[in-house]
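**Q** Sharing a structure below in structure tokens format, with a few things to ask.
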Amino acid sequence: MKHSLFIIFHLVVIHHTKGEIEEIVAQAGDEVLLSCPVNTPECGDFHSLKWYRDTSRMYVYSPAAMFSNAEGTLIDRCLDISQRSLGPACSRGYLEVTDTNADLKITPIETKDEGEYRCEITYLDVSNNCPVVHFTNLRTVAAPEYVSLSLASNPDEDISGQVVGPYSSGSEVAFTCESGGGKPAPSVSWKFGEEEDLEEETTITEDILTGSITVKSVVVVALEQENSGETLHCSVINEVLDEPIEAQVQIDVNVPVKSVYIEEELVGKEDEEMMLTCAAVGGRPMPTISWSLPENVEFETEEESLILEDETFQLISKLTFTPTAEENEKTVTCQAINDVMEEAIEDEAMLDILYAPRVAIEDENKTLTAGDDITIDCLIDANPTNFSLVQWYHNENIIDVEDERFEGGNSEVVSLTINPIIPGDTGDYYCLAENEVGQGISSNSMNLEVLYPPSVQIRIEPEGPVSEEVDVNITLHCDIIDGNPLELSRVSWFLNGGLIREIPDRQCDELLEIGSGEMISDELLVDEGNDKSAFDEEGSGVEVTKALLCESDPTELILQDVTRDFQGYFTCIGSNIAGEGISSEPEELTVHYLPGEAELLQTEEFPVKGGSTVLTCSAEDAGNPEASDFLWKWGDVIMEETSENLTLDNLGLESQENISCSAVNEIGPGGPDTVQLNVFVPPIFIENLPETSSFLSSDKNFGLKCQVECVPLCTIQWMKNEEMITEDDDRYTIEETVIPEDLDANQFTSVNSMFSWNLENLPENKLDHSELNFTISCQVDGNDIGEAISSSTKVTIEYAPENVEISAAFIEIEEGEVMEPLLCFGEGSPEPSITWKFNDEVVSEDSVLEFSEPIKKEQSGDYFCHISNDHGEEVISTTVTVLYKPECTVTYTLMEEEVVLLCTANANPNDLTFWWKKQNDTFDGQANDNRIESEVRLKIINESLGDYFCHVNNSVGEGDACMIELTDIILTKGLSEHELIIIIFVAGAVLALLLVISILVCFYCGKKGKGDKVQSEEGKTPKTDSQPHSDKSFYENLPFHGLKTPPKQVINPRLSENMDYADADYKDLYVEGPMGYRKQSENKANMSKSETNVNGL
């Protein structure tokens, strides 16, 4: 027994080797089945089975002893009095036994069940070498049972979901997050407000008895003002959980006031109550607010508070007071503080008090001269300064500041600028201003007095036009109309805007400065004898008195001996102590005189033939009164035209003449002007080139001609394909002549140019055939008279056909093949026509001769290509040889004792091979000098009857065999086939005639008795087969009727000697060829006759 146990132990030890161990993961509370294979059918029954977890036995089972018990931690509940209600079901381990397994079921799983499980099997028979140990790793997992938050300073109190604090801003607080029951140990993460992954310290502890794991994580949070009301989150998770579980706590922080501000509404009106609002936001605990205002301002306040979402406070203080203008732009301060703060925070704002304008005029009374400028300031104190209305008054009339003479001030200074001052500006000035509060008007004003120059008008005595031919004196008067003061101290006189005199003269002022007791400079004295001088202002030529006028009345000026130089508009300008006034309205002085020299202009610089030109006559001085008509002369002939323009149409040779004109008024004509009219001709062809020209390349008598009319004379140039032809080019001849003008034909001078080729200087004395088409142009360059002209002709060089070629000179082709097209081509101008001829018939009129169908032997022969144009014809030919298989016919000739079969063949090539065939016998014909015929001689015997086939072949192939049938009729009558047909035809005709006669006779005899009819019928002799038959069906049954060419056969001339023929018994018949065949035929015939005689036939 001990030995057996030893063997069993030894076997167990042997099978302790672990293979791949099964691993099972089970969650606490689940059910798990640990497998142990026993396989009793193969290994036999076992004595006992034990389950172990690590080193602790968990279950024992012995079927022999009928013992099955759980042990160890699987029966902990059975030992716990609190679990007695479970009764027999207190065990968590059960064994499920079958023939193949003894599995351990554990339910429910606890975390402490984790470990390596093995089952040990003790078999009754250890000789089967069956496994006795099986291992399974069981790993248990569990979700965390709880998570809680506590203060590190008080870990026993769960503060999850609560609000803790308040804490002072800037302090640090430690929090602990605890989680238990989880396996494996869960990971812990923290989140505070928006901040994640806080730095923390984690400790993990495990209960040795229960295996329970506890995780604690401590985090220290620094609290700031912005953290008040934020939530601290602790999250735990392990592999069992799909989502983390968490605990959270809200932290309350005491914070100082976050901000204080005075609301923007700081605008008030003078003497109207206004309210200011100050708000302190974000403080905890409640802050206090204090105000600071300008001195001597009485006010009242009231407050209200509310709690914000972050549990901080907002305190609002409202201040009420009545402002004056003096408080405008003064500062107001609001301060806020709470218990957390050491110093108050504040906000300040500036008051905006609105009040009506307070207005005053700053300037004193002034006296100015018209034309000066003045700025009047209006002092305004107001709020706002964006005035809705600013008005200036002049003598209680509102001033239109939109007038260009007025200009207002800027936004800071309200002023009125008058520039320039005019006389009407005299009077009192004050201002008014208005803003949104009200308006104010200045209590004082400013008086302005304006000195201004005089306004004058001019008078002319006597009135009306004067003549240059009469010496007349004119007096000019300058009368004052307005001014301050109303007195003229000087007058300036003008003609057509040019100054002609000032009274008193400027030199008089110098004399007054020198003094009456001093010597007067000679330069200031004027010779009284020369009291006239030419005062030429801008070339006016007006003569006025130049003696100094110092004491004369300045308002009067005398013009002596008036001429056309005084014609124009006179004005005067008066001056007083305020200055020089404006010019008077002009008065015209009219002086009549003759027109000046005329000027004749030609509108067209180059009048052209057939065109028109306009001559314009003008006079710079048209006279007075102004000339309205003109005198035109053609040579010495006065023309009907009286306007300033003379139009000449259809200009030609006779148009070239002297033409003059002069201006005419009521006094008479002025000086004339004359021009010589020259007519020009732009280049124009009298004779140009034809559109196309054709020349024979060797023709010496051809050329081109151009004639051009042009004035001035022009030169004709010749070009070939845009290339200029020079006179020194010996390939060409250019002859140019000048054709005189023809008055009768109205043709001006023209140029005639002839162009031709010098063939003697060209290769082969002809034009180059490689250049058949080119352009010859004659042209004349453009000039000032007209544009360039050109005439071109497209020249075609012609010549007879040459360089004729054909694609193939000889062609050999088999019948039935498709022949490649033949191409015939050649050169010529005009382009030659091409015609193909075969057997003198036109087969194509194209350069390509095409054979659309397979070639036939009838198409063999010479093909001629005819290439021709207007200048000649060339012919070239090609030979087409068609190779074809033989075609044969067989005829016979009856001799005295024999029939001759003649096979005649037609083929190309005619090197032919003949052989004959009857039934399955093949034989050669007799030799014949004619290579296209083969002859066979047969004895006229019965054996010669039958079908004879003639076979012919050449290098192309074998043709269709031709056949003849020898019948006894042919052999016995001695007639040829042709003769036999004639006889049969004649016999048929005779029979037909006899048949007609018989019918007539029968019809005639039909009236006789029946006996006579019978006798007549018995008297008829029946026809034999040797007699001709009228019935065609008779001939249709003959053997030769409907004879057709047999189908093609390939004859193998090399017949094997070992072949067994159907007529082998008659092989001796063919030994001697046709002659032997005749001999045998005779013998056969004699034998047949003998047999006939014997039989009596």
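Every chain in the structure tokens has a letter given in the order shown (A, B, ...), and although residue numbers restart at 1 in each chain, ligands are simply numbered from 1 in the order shown.
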Contacts of segment 311-328 of chain A at 6 Å or less, counting only C-alpha atoms, minus same-chain residues fewer than 5 places along, as a JSON list (two decimals) with C-alpha atoms, in the first residue's frame?
**A**
[["chain", "number", "residue", "atom", "x", "y", "z"],
["A", 270, "GLU", "CA", -28.91, 123.90, -14.03],
["A", 271, "ASP", "CA", -31.52, 124.32, -11.27],
["A", 272, "GLU", "CA", -33.03, 120.87, -11.99],
["A", 273, "GLU", "CA", -32.64, 118.00, -9.47],
["A", 274, "MET", "CA", -30.38, 115.16, -10.66],
["A", 275, "MET", "CA", -29.37, 111.70, -9.32],
["A", 276, "LEU", "CA", -25.97, 109.95, -9.28],
["A", 277, "THR", "CA", -25.66, 106.18, -8.78],
["A", 278, "CYS", "CA", -22.61, 104.31, -7.43],
["A", 279, "ALA", "CA", -22.41, 100.49, -7.33],
["A", 280, "ALA", "CA", -19.97, 98.30, -5.30],
["A", 281, "VAL", "CA", -19.88, 94.78, -6.79],
["A", 282, "GLY", "CA", -18.54, 91.41, -5.61],
["A", 283, "GLY", "CA", -17.73, 91.98, -1.97],
["A", 284, "ARG", "CA", -18.31, 89.65, 0.98],
["A", 286, "MET", "CA", -21.50, 93.69, 2.73],
["A", 299, "PHE", "CA", -27.27, 116.16, -1.19],
["A", 300, "GLU", "CA", -29.18, 113.12, 0.04],
["A", 301, "THR", "CA", -28.39, 109.36, -0.37],
["A", 302, "GLU", "CA", -30.23, 106.04, -0.25],
["A", 303, "GLU", "CA", -28.89, 102.45, -0.62],
["A", 304, "GLU", "CA", -30.08, 99.02, -1.74],
["A", 305, "SER", "CA", -28.27, 95.67, -1.89],
["A", 306, "LEU", "CA", -28.63, 92.24, -3.46],
["A", 351, "LEU", "CA", -20.25, 116.39, -13.66],
["A", 352, "ASP", "CA", -21.77, 117.62, -16.89],
["A", 353, "ILE", "CA", -24.18, 120.43, -15.97]]
**Q** Which one is closest to Asp158 of chain A: A:Thr122, A:Thr176, A:Ser575, A:Ser852? Count only C-alpha atoms.
**A** A:Thr176
**Q** Would you mind reading off the distance between atom CA of Leu416 of chain A and atom CA of Asp428 of chain A, one decimal, in Å?
**A**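 Distance reported for this atom pair: 13.1 Å.
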**Q** Restricting the calculation to only C-alpha atoms: of A:Ser388, A:Ser467, A:Gln779, A:Gln248, which residue gets closest to Glu436 of chain A?
**A**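 Residue with the minimum atom-to-atom distance to Glu436 of chain A: A:Ser388.
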**Q** Near segment 887-890 of chain A, within 10 Å and counting only C-alpha atoms, which residues show up once chain neighbours fewer than 4 positions away are dropped, as number ranges by chain?
**A** A: 901-908, 932-935, 948-953, 958-965, 1045
**Q** For a quick check of understanding, using only C-alpha atoms, which of A:Ser35, A:Asn701, A:Asn473, A:Ser62 has the smallest distance to Asp561 of chain A?
**A**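 Closest candidate: A:Asn473.
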